[in-house]
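Text of the file start.tsv, holding TSV, C-alpha atoms:
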chain	number	residue	atom	x	y	z
A	80	MET	CA	123.61	67.32	-15.41
A	81	SER	CA	120.83	65.66	-17.39
A	82	LYS	CA	118.70	63.15	-15.61
A	83	ILE	CA	116.72	60.02	-16.50
A	84	LEU	CA	113.27	59.41	-15.02
A	85	VAL	CA	112.14	55.79	-14.60
A	86	VAL	CA	108.35	55.46	-14.28
A	87	ASP	CA	106.87	52.10	-13.25
A	88	ASP	CA	104.35	50.98	-10.64
A	89	SER	CA	106.48	47.91	-9.94
A	90	SER	CA	109.24	48.66	-7.45
A	91	THR	CA	111.03	45.58	-8.82
A	92	VAL	CA	111.32	47.19	-12.24
A	93	ARG	CA	112.10	50.65	-10.83
A	94	ASP	CA	114.90	49.22	-8.70
A	95	GLU	CA	116.27	47.07	-11.51
A	96	VAL	CA	116.32	49.78	-14.17
A	97	ALA	CA	117.32	52.69	-11.92
A	98	GLY	CA	119.96	50.55	-10.19
A	99	PHE	CA	121.49	49.54	-13.51
A	100	LEU	CA	121.59	53.11	-14.80
A	101	LYS	CA	123.07	54.49	-11.55
A	102	LYS	CA	125.70	51.76	-11.55
A	103	ASN	CA	126.68	53.01	-14.99
A	104	GLY	CA	127.11	56.58	-13.82
A	105	LEU	CA	123.78	58.06	-14.87
A	106	ASP	CA	121.68	60.40	-12.74
A	107	VAL	CA	118.28	58.79	-12.15
A	108	ASP	CA	114.98	59.63	-10.47
A	109	THR	CA	111.92	57.37	-10.21
A	110	ALA	CA	108.15	57.76	-10.24
A	111	VAL	CA	105.42	55.28	-9.32
A	112	ASP	CA	102.88	56.06	-12.08
A	113	GLY	CA	102.17	58.49	-14.90
A	114	LYS	CA	100.73	61.14	-12.60
A	115	ASP	CA	103.81	61.05	-10.38
A	116	GLY	CA	106.04	61.03	-13.48
A	117	LEU	CA	104.37	64.11	-14.94
A	118	ALA	CA	104.66	65.95	-11.61
A	119	LYS	CA	108.38	65.13	-11.36
A	120	LEU	CA	108.97	66.27	-14.94
A	121	LYS	CA	107.34	69.62	-14.18
A	122	THR	CA	109.59	70.26	-11.19
A	123	SER	CA	112.83	68.81	-12.62
A	124	PRO	CA	113.91	70.65	-15.78
A	125	GLY	CA	117.04	68.47	-15.97
A	126	ILE	CA	115.11	65.35	-17.00
A	127	LYS	CA	115.96	64.63	-20.65
A	128	LEU	CA	114.91	60.98	-20.93
A	129	VAL	CA	111.89	59.16	-19.52
A	130	ILE	CA	111.71	55.35	-19.44
A	131	SER	CA	108.13	54.42	-18.71
A	132	ASP	CA	105.82	51.46	-18.31
A	133	VAL	CA	102.45	51.55	-20.12
A	134	ASN	CA	99.95	49.90	-17.76
A	135	MET	CA	99.96	51.74	-14.43
A	136	PRO	CA	97.31	52.92	-11.96
A	137	ASN	CA	96.20	56.59	-11.73
A	138	MET	CA	97.69	57.54	-15.10
A	139	ASP	CA	99.02	55.10	-17.73
A	140	GLY	CA	102.29	55.70	-19.54
A	141	LEU	CA	100.84	56.70	-22.91
A	142	THR	CA	98.49	59.25	-21.36
A	143	MET	CA	101.51	60.65	-19.50
A	144	VAL	CA	103.37	61.04	-22.82
A	145	GLU	CA	100.38	62.79	-24.39
A	146	LYS	CA	100.28	65.17	-21.44
A	147	ILE	CA	104.04	65.81	-21.66
A	148	ARG	CA	103.60	66.84	-25.31
A	149	GLY	CA	100.64	69.02	-24.40
A	150	GLU	CA	101.67	70.60	-21.09
A	151	LEU	CA	105.46	70.64	-21.54
A	152	ALA	CA	105.52	71.34	-25.27
A	153	ASN	CA	108.53	73.67	-24.96
A	154	ARG	CA	110.70	70.96	-23.36
A	155	THR	CA	112.80	68.38	-25.22
A	156	VAL	CA	112.11	65.11	-23.44
A	157	ASN	CA	112.78	61.75	-25.08
A	158	VAL	CA	110.45	58.96	-23.97
A	159	ILE	CA	111.09	55.21	-24.24
A	160	MET	CA	108.33	52.78	-23.26
A	161	LEU	CA	109.45	49.68	-21.29
A	162	THR	CA	106.48	47.34	-21.11
A	163	THR	CA	105.11	43.83	-21.54
A	164	GLU	CA	102.69	45.31	-24.11
A	165	SER	CA	103.71	44.79	-27.71
A	166	SER	CA	100.56	45.33	-29.76
A	167	PRO	CA	100.99	47.31	-33.00
A	168	ALA	CA	98.01	49.50	-32.09
A	169	MET	CA	99.60	50.52	-28.81
A	170	LYS	CA	102.93	51.23	-30.50
A	171	GLU	CA	101.11	53.39	-33.07
A	172	ARG	CA	99.48	55.36	-30.27
A	173	GLY	CA	102.92	55.80	-28.73
A	174	LYS	CA	104.42	56.93	-32.03
A	175	ALA	CA	101.61	59.41	-32.55
A	176	ALA	CA	102.23	60.82	-29.06
A	177	GLY	CA	105.93	61.28	-29.82
A	178	VAL	CA	107.42	58.22	-28.10
A	179	LYS	CA	110.99	57.71	-29.29
A	180	GLY	CA	111.24	53.94	-28.84
A	181	TRP	CA	109.71	50.77	-27.42
A	182	ILE	CA	111.23	47.95	-25.36
A	183	VAL	CA	109.35	44.76	-24.51
A	184	LYS	CA	110.21	43.56	-20.99
A	185	PRO	CA	112.30	42.01	-19.55
A	186	PHE	CA	114.86	44.82	-19.39
A	187	LYS	CA	118.31	44.00	-20.76
A	188	GLY	CA	120.39	47.00	-19.80
A	189	ASP	CA	123.59	46.25	-21.69
A	190	ALA	CA	121.70	46.24	-24.99
A	191	VAL	CA	120.36	49.78	-24.58
A	192	LEU	CA	122.81	51.63	-22.32
A	193	GLU	CA	124.63	53.60	-25.01
A	194	THR	CA	121.39	54.67	-26.68
A	195	PHE	CA	120.05	55.80	-23.30
A	196	ARG	CA	123.21	57.85	-22.75
A	197	LYS	CA	122.74	59.60	-26.11
A	198	LEU	CA	119.04	60.25	-25.56
A	199	ALA	CA	119.74	61.66	-22.08
A	200	SER	CA	122.53	63.99	-23.15
B	210	MET	CA	83.32	27.93	-29.81
B	211	ILE	CA	87.04	27.15	-29.44
B	212	THR	CA	88.38	24.51	-31.77
B	213	ALA	CA	90.65	21.71	-30.60
B	214	HIS	CA	93.52	23.37	-32.50
B	215	ALA	CA	92.93	26.64	-30.66
B	216	LYS	CA	92.75	24.91	-27.25
B	217	ASP	CA	95.99	23.11	-27.95
B	218	SER	CA	97.55	26.39	-29.12
B	219	PHE	CA	96.55	28.27	-25.93
B	220	GLU	CA	98.04	25.47	-23.84
B	221	ARG	CA	101.30	25.37	-25.79
B	222	ILE	CA	101.59	29.16	-25.62
B	223	PHE	CA	101.15	28.97	-21.83
B	224	ARG	CA	103.80	26.26	-21.50
B	225	LYS	CA	106.30	28.18	-23.61
B	226	ALA	CA	105.72	31.41	-21.67
B	227	ALA	CA	105.90	29.65	-18.29
B	228	GLN	CA	109.14	27.89	-19.17
B	229	ALA	CA	110.68	31.15	-20.38
B	230	ARG	CA	109.54	33.49	-17.62
B	231	LEU	CA	108.69	31.64	-14.38
B	232	PRO	CA	112.17	30.30	-13.53
B	233	SER	CA	114.28	32.82	-11.60
B	234	SER	CA	117.35	31.58	-13.48
B	235	PRO	CA	117.37	30.47	-17.14
B	236	ASP	CA	119.17	27.26	-16.13
B	237	ASP	CA	116.43	26.15	-13.73
B	238	GLU	CA	114.14	23.33	-14.74
B	239	CYS	CA	110.45	24.22	-15.08
B	240	ALA	CA	108.37	21.04	-14.86
B	241	ILE	CA	104.72	21.54	-15.88
B	242	MET	CA	102.22	18.77	-15.15
B	243	PRO	CA	98.51	18.93	-15.99
B	244	LEU	CA	96.03	18.73	-13.10
B	245	ALA	CA	92.65	17.06	-13.36
B	246	GLN	CA	90.83	19.75	-11.38
B	247	THR	CA	91.20	23.50	-11.03
B	248	GLY	CA	92.43	24.44	-7.58
B	249	GLU	CA	93.27	20.83	-6.73
B	250	SER	CA	96.63	21.82	-5.30
B	251	ALA	CA	95.36	24.86	-3.43
B	252	ALA	CA	96.03	24.73	0.30
B	253	GLN	CA	94.53	26.91	3.01
B	254	GLY	CA	96.08	30.34	2.54
B	255	THR	CA	96.98	29.80	-1.10
B	256	GLN	CA	96.65	32.96	-3.13
B	257	VAL	CA	96.40	33.56	-6.85
B	258	ALA	CA	97.81	36.24	-9.11
B	259	VAL	CA	95.35	36.98	-11.90
B	260	LEU	CA	96.15	38.61	-15.24
B	261	THR	CA	93.88	39.12	-18.22
B	262	ILE	CA	94.50	39.18	-21.95
B	263	SER	CA	91.46	40.49	-23.80
B	264	SER	CA	90.54	40.58	-27.46
B	265	ILE	CA	87.30	41.13	-29.35
B	266	VAL	CA	86.73	37.36	-29.60
B	267	PHE	CA	88.03	36.02	-26.27
B	268	ARG	CA	89.16	36.84	-22.76
B	269	LEU	CA	92.00	34.81	-21.29
B	270	LEU	CA	92.74	34.65	-17.58
B	271	LEU	CA	96.20	33.53	-16.56
B	272	ILE	CA	95.99	32.53	-12.91
B	273	LEU	CA	99.15	31.65	-11.01
B	274	HIS	CA	98.59	29.99	-7.62
B	275	PHE	CA	101.22	30.54	-4.95
B	276	ASP	CA	101.90	29.90	-1.29
B	277	GLU	CA	104.14	32.44	0.35
B	278	ASN	CA	106.18	29.74	2.08
B	279	ASP	CA	109.93	29.41	2.64
B	280	SER	CA	110.62	27.43	-0.52
B	281	THR	CA	108.78	29.86	-2.80
B	282	ARG	CA	110.21	32.93	-1.06
B	283	GLY	CA	113.68	31.42	-1.10
B	284	TYR	CA	113.37	30.62	-4.79
B	285	TYR	CA	112.39	34.11	-5.90
B	286	LEU	CA	114.13	36.27	-3.29
B	287	LYS	CA	117.86	36.02	-2.77
B	288	GLU	CA	119.32	36.52	0.71
B	289	ALA	CA	120.05	40.24	0.43
B	290	ASP	CA	116.78	40.96	-1.37
B	291	GLU	CA	114.58	43.14	0.84
B	292	ARG	CA	111.65	43.43	-1.56
B	293	PRO	CA	108.26	42.17	-0.39
B	294	PHE	CA	107.71	38.71	-1.92
B	295	GLN	CA	104.48	39.64	-3.66
B	296	GLU	CA	106.10	42.65	-5.33
B	297	ALA	CA	108.81	40.44	-6.84
B	298	PHE	CA	106.46	37.60	-7.70
B	299	LEU	CA	103.83	39.78	-9.41
B	300	GLU	CA	106.47	41.12	-11.77
B	301	ILE	CA	107.38	37.52	-12.69
B	302	CYS	CA	103.66	36.87	-13.37
B	303	ASN	CA	103.52	40.05	-15.45
B	304	LEU	CA	106.45	38.88	-17.57
B	305	CYS	CA	104.88	35.43	-18.04
B	306	CYS	CA	101.57	36.92	-19.18
B	307	GLY	CA	103.47	39.41	-21.37
B	308	ALA	CA	105.20	36.50	-23.12
B	309	MET	CA	101.80	34.88	-23.79
B	310	ASN	CA	100.47	38.21	-25.01
B	311	GLN	CA	103.41	38.63	-27.37
B	312	GLU	CA	102.88	35.14	-28.84
B	313	LEU	CA	99.10	35.64	-29.20
B	314	LEU	CA	99.60	38.96	-30.98
B	315	ARG	CA	100.84	36.97	-33.97
B	316	TYR	CA	97.27	35.70	-34.43
B	317	PHE	CA	95.10	38.38	-32.76
B	318	PRO	CA	96.26	41.97	-33.35
B	319	ASP	CA	93.74	43.60	-31.00
B	320	LEU	CA	94.97	42.36	-27.61
B	321	GLY	CA	95.09	44.29	-24.35
B	322	MET	CA	96.65	43.11	-21.09
B	323	SER	CA	95.78	43.90	-17.48
B	324	THR	CA	98.10	44.48	-14.56
B	325	PRO	CA	98.23	41.60	-12.02
B	326	TYR	CA	96.00	41.47	-8.95
B	327	VAL	CA	95.91	39.05	-6.04
B	328	LEU	CA	92.91	37.03	-4.85
B	329	SER	CA	92.38	34.10	-2.51
B	330	ALA	CA	92.56	30.69	-4.21
B	331	ARG	CA	89.07	30.09	-2.82
B	332	CYS	CA	87.84	31.87	-5.96
B	333	LEU	CA	89.06	29.06	-8.24
B	334	PRO	CA	86.01	26.75	-8.01
B	335	HIS	CA	83.87	29.68	-9.20
B	336	LEU	CA	85.66	29.88	-12.54
B	337	HIS	CA	83.07	27.45	-13.91
B	338	GLU	CA	80.49	30.22	-13.48
B	339	LEU	CA	82.22	32.03	-16.35
B	340	GLN	CA	81.32	29.05	-18.58
B	341	PRO	CA	84.84	28.97	-20.03
B	342	ALA	CA	85.52	27.32	-23.36
B	343	LEU	CA	88.92	26.25	-22.04
B	344	LEU	CA	89.89	25.62	-18.42
B	345	SER	CA	93.24	23.92	-17.84
B	346	SER	CA	95.23	23.69	-14.63
B	347	TYR	CA	98.81	22.67	-14.02
B	348	SER	CA	101.30	22.14	-11.25
B	349	VAL	CA	104.59	23.91	-11.90
B	350	THR	CA	107.83	22.90	-10.15
B	351	LEU	CA	110.76	25.28	-10.45
B	352	GLY	CA	114.36	24.31	-9.88
B	353	GLY	CA	113.08	21.16	-8.16
B	354	THR	CA	112.12	23.15	-5.06
B	355	ALA	CA	109.43	25.78	-5.56
B	356	ARG	CA	105.90	24.74	-6.43
B	357	LEU	CA	103.27	26.89	-8.09
B	358	GLY	CA	99.92	26.16	-9.65
B	359	ALA	CA	98.63	27.65	-12.88
B	360	THR	CA	95.25	27.89	-14.53
B	361	VAL	CA	94.49	29.05	-18.05
B	362	CYS	CA	90.85	30.05	-18.48
B	363	VAL	CA	89.54	31.24	-21.84
B	364	CYS	CA	86.03	32.60	-22.42
B	365	ALA	CA	85.07	32.94	-26.08
B	366	TYR	CA	82.60	35.46	-27.50
B	367	ALA	CA	82.93	34.24	-31.10
B	368	PRO	CA	84.46	31.21	-32.82
B	369	VAL	CA	88.20	30.96	-32.11
B	370	ASP	CA	90.37	28.86	-34.39
B	371	PHE	CA	94.11	29.18	-34.85
B	372	ILE	CA	97.21	27.00	-34.86
B	373	ALA	CA	100.10	28.53	-32.95
B	374	ASP	CA	103.63	27.89	-34.09
B	375	THR	CA	105.46	27.83	-30.78
B	376	SER	CA	108.62	26.32	-32.24
B	377	ALA	CA	110.09	29.72	-33.14
B	378	VAL	CA	112.96	30.78	-30.89
B	379	GLU	CA	112.68	34.42	-31.95
B	380	GLU	CA	113.48	36.57	-28.89
B	381	THR	CA	112.88	40.26	-29.34
B	382	SER	CA	112.33	41.04	-25.65
B	383	GLY	CA	114.68	43.63	-24.25
B	384	GLU	CA	115.57	45.08	-27.66
B	385	LEU	CA	114.98	48.76	-28.27
B	386	GLU	CA	112.78	49.45	-31.28
B	387	LEU	CA	113.42	53.06	-32.25
B	388	PHE	CA	110.66	54.97	-34.04

Please express the file's structure as structure tokens.
Amino acid sequence: MSKILVVDDSSTVRDEVAGFLKKNGLDVDTAVDGKDGLAKLKTSPGIKLVISDVNMPNMDGLTMVEKIRGELANRTVNVIMLTTESSPAMKERGKAAGVKGWIVKPFKGDAVLETFRKLAS
Amino acid sequence: MITAHAKDSFERIFRKAAQARLPSSPDDECAIMPLAQTGESAAQGTQVAVLTISSIVFRLLLILHFDENDSTRGYYLKEADERPFQEAFLEICNLCCGAMNQELLRYFPDLGMSTPYVLSARCLPHLHELQPALLSSYSVTLGGTARLGATVCVCAYAPVDFIADTSAVEETSGELELF
């Protein structure tokens, strides 16, 4: 079964997003920063969708995406950024790194659930 | 270096963001009153959550003062909620600063935002050392029960002049923008 990885240094956001997705029947894992997220991706081939914050300690979300494209180039992993950041420059960096979409917090699960299902399948 | 229009704009942007993001429920009243002095309402043990929005021409500090007392905890944490208070509260602060950031991006495209960090409120009197061009403090009452303080501190490195239109009710938060 395909899995979704939620990466955020805030346990509030991790619990909110992962809880919502689990409640809707999706298989979810969590990571506390980009470094942790990258490590979990390497050991869990079933992860098809990553929902990640941008600003995090140790490794930020966009650096994590750049590393996914570099170190896991043979894997198909969709990445959606979920962040308070909304600057065009940051979105451009995300696009260039292969980010699939961008959500400005707060998270509104009902609006994105079906798209998440498709991207995770 | 900051015009009167710009000062007024920063203050209105703060008020709009605070009213949208600080209440735990959208129906709760968020009463914002200006304070004459920074840190006036700070009691012994008061802490502050600090977030930064930086551009080439200014650095803005959004400082939210809080006491981890029963009324504040009770306001932000429901009965079954086992999260540490600060964890929950810092995410609220992050959302508030994010709303300011989103509004300011309409006038300054080069903004970057920090993650929140916590300091003692004893740091507040030292804000003057930064020689800010704008330093405004407020008391914030939420749902008639929880009280916070807030300070907006802006340091300018070049002339800053803009007039913010905060009347727009555009709400793009939570929507997925596919690339």

Using all atoms listed in the file, which protein or nucleic acid residues come within 6 Å of region 267-271 of chain B? Drop anything in the same chain fewer than 6 positions from it, and give the result as a PyMOL selection string. chain B and resi 259-261+361-366

Select, as a compact mmCIF listing (two decimals) with C-alpha atoms, in the frame of the given file, those residues of chain B with any atom no more than 10 Å from chain A (distances computed using only C-alpha atoms).
# COMPACT_ATOMS: atom_id res chain seq x y z
CA ARG B 230 109.54 33.49 -17.62
CA ARG B 292 111.65 43.43 -1.56
CA PRO B 293 108.26 42.17 -0.39
CA GLU B 296 106.10 42.65 -5.33
CA ALA B 297 108.81 40.44 -6.84
CA PHE B 298 106.46 37.60 -7.70
CA LEU B 299 103.83 39.78 -9.41
CA GLU B 300 106.47 41.12 -11.77
CA ILE B 301 107.38 37.52 -12.69
CA ASN B 303 103.52 40.05 -15.45
CA LEU B 304 106.45 38.88 -17.57
CA CYS B 305 104.88 35.43 -18.04
CA CYS B 306 101.57 36.92 -19.18
CA GLY B 307 103.47 39.41 -21.37
CA ALA B 308 105.20 36.50 -23.12
CA MET B 309 101.80 34.88 -23.79
CA ASN B 310 100.47 38.21 -25.01
CA GLN B 311 103.41 38.63 -27.37
CA GLU B 312 102.88 35.14 -28.84
CA LEU B 313 99.10 35.64 -29.20
CA LEU B 314 99.60 38.96 -30.98
CA ARG B 315 100.84 36.97 -33.97
CA PHE B 317 95.10 38.38 -32.76
CA PRO B 318 96.26 41.97 -33.35
CA ASP B 319 93.74 43.60 -31.00
CA LEU B 320 94.97 42.36 -27.61
CA GLY B 321 95.09 44.29 -24.35
CA MET B 322 96.65 43.11 -21.09
CA SER B 323 95.78 43.90 -17.48
CA THR B 324 98.10 44.48 -14.56
CA THR B 381 112.88 40.26 -29.34
CA SER B 382 112.33 41.04 -25.65
CA GLY B 383 114.68 43.63 -24.25
CA GLU B 384 115.57 45.08 -27.66
CA LEU B 385 114.98 48.76 -28.27
CA GLU B 386 112.78 49.45 -31.28
CA LEU B 387 113.42 53.06 -32.25
CA PHE B 388 110.66 54.97 -34.04

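Picture a line from CA of Arg224 (chain B) to CA of Cys239 (chain B); it runs 9.5 Å.
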
Tell me which protein, DNA and RNA residues are within 8 Å of Asp108 (chain A), counting all atoms listed in the file, leaving out same-chain ones fewer than 6 positions away, and put them as JSON, numbers by chain. {"A": [82, 83, 84, 85, 97]}

Protein, DNA and RNA residues within 12 Å of (98.1, 31.8, 4.4), only C-alpha atoms, as a PyMOL selection string: chain B and resi 251-257+275-278+328-331

Mind giving me the axis-aligned box for region 228-239 of chain B with 5 Å on every side, centre plus edges in Å to one decimal, as JSON?
{"center_x": 113.9, "center_y": 28.4, "center_z": -16.0, "size_x": 20.5, "size_y": 20.2, "size_z": 18.8}

As a check of understanding: the span from CA of Lys146 (chain A) to CA of Lys119 (chain A) is 12.9 Å

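Nearest to Ser81 (chain A) of all the residues A:Thr142, A:Asn153, A:Ser131, A:Ser123 is A:Ser123, counting all atoms listed in the file.
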
Need the neighbours of (115.7, 63.3, -18.0): which residues are at most 10 Å away, counting only C-alpha atoms, as a PyMOL selection string? chain A and resi 80-85+106-108+120+123-130+155-158+198-200

Missing atoms of region 273-290 of chain B rebuilt to N, CA and C atoms, written as a JSON list (two decimals), in the frame of the given file:
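Listing of selection-v7.json after writing:
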[["chain", "number", "residue", "atom", "x", "y", "z"],
["B", 273, "LEU", "N", 98.00, 32.36, -11.60],
["B", 273, "LEU", "CA", 99.15, 31.65, -11.01],
["B", 273, "LEU", "C", 98.93, 31.52, -9.50],
["B", 274, "HIS", "N", 98.88, 30.26, -9.02],
["B", 274, "HIS", "CA", 98.59, 29.99, -7.62],
["B", 274, "HIS", "C", 99.92, 29.93, -6.86],
["B", 275, "PHE", "N", 99.97, 30.57, -5.70],
["B", 275, "PHE", "CA", 101.22, 30.54, -4.95],
["B", 275, "PHE", "C", 100.97, 30.51, -3.45],
["B", 276, "ASP", "N", 101.88, 29.87, -2.76],
["B", 276, "ASP", "CA", 101.90, 29.90, -1.29],
["B", 276, "ASP", "C", 103.15, 30.67, -0.91],
["B", 277, "GLU", "N", 102.97, 31.64, -0.03],
["B", 277, "GLU", "CA", 104.14, 32.44, 0.35],
["B", 277, "GLU", "C", 104.91, 31.70, 1.44],
["B", 278, "ASN", "N", 105.44, 30.53, 1.10],
["B", 278, "ASN", "CA", 106.18, 29.74, 2.08],
["B", 278, "ASN", "C", 107.69, 29.89, 1.85],
["B", 279, "ASP", "N", 108.47, 29.22, 2.69],
["B", 279, "ASP", "CA", 109.93, 29.41, 2.64],
["B", 279, "ASP", "C", 110.52, 29.00, 1.30],
["B", 280, "SER", "N", 110.00, 27.90, 0.72],
["B", 280, "SER", "CA", 110.62, 27.43, -0.52],
["B", 280, "SER", "C", 110.33, 28.40, -1.68],
["B", 281, "THR", "N", 109.11, 28.93, -1.72],
["B", 281, "THR", "CA", 108.78, 29.86, -2.80],
["B", 281, "THR", "C", 109.51, 31.19, -2.60],
["B", 282, "ARG", "N", 109.49, 31.68, -1.36],
["B", 282, "ARG", "CA", 110.21, 32.93, -1.06],
["B", 282, "ARG", "C", 111.69, 32.78, -1.36],
["B", 283, "GLY", "N", 112.25, 31.66, -0.91],
["B", 283, "GLY", "CA", 113.68, 31.42, -1.10],
["B", 283, "GLY", "C", 114.04, 31.29, -2.58],
["B", 284, "TYR", "N", 113.09, 30.79, -3.36],
["B", 284, "TYR", "CA", 113.37, 30.62, -4.79],
["B", 284, "TYR", "C", 113.41, 31.97, -5.51],
["B", 285, "TYR", "N", 112.48, 32.84, -5.17],
["B", 285, "TYR", "CA", 112.39, 34.11, -5.90],
["B", 285, "TYR", "C", 113.15, 35.27, -5.25],
["B", 286, "LEU", "N", 113.41, 35.18, -3.95],
["B", 286, "LEU", "CA", 114.13, 36.27, -3.29],
["B", 286, "LEU", "C", 115.48, 35.76, -2.80],
["B", 287, "LYS", "N", 116.53, 36.40, -3.25],
["B", 287, "LYS", "CA", 117.86, 36.02, -2.77],
["B", 287, "LYS", "C", 118.06, 36.60, -1.37],
["B", 288, "GLU", "N", 119.13, 36.16, -0.71],
["B", 288, "GLU", "CA", 119.32, 36.52, 0.71],
["B", 288, "GLU", "C", 119.27, 38.02, 1.00],
["B", 289, "ALA", "N", 119.97, 38.81, 0.16],
["B", 289, "ALA", "CA", 120.05, 40.24, 0.43],
["B", 289, "ALA", "C", 118.84, 41.01, -0.10],
["B", 290, "ASP", "N", 117.93, 40.30, -0.73],
["B", 290, "ASP", "CA", 116.78, 40.96, -1.37],
["B", 290, "ASP", "C", 115.75, 41.37, -0.31]]
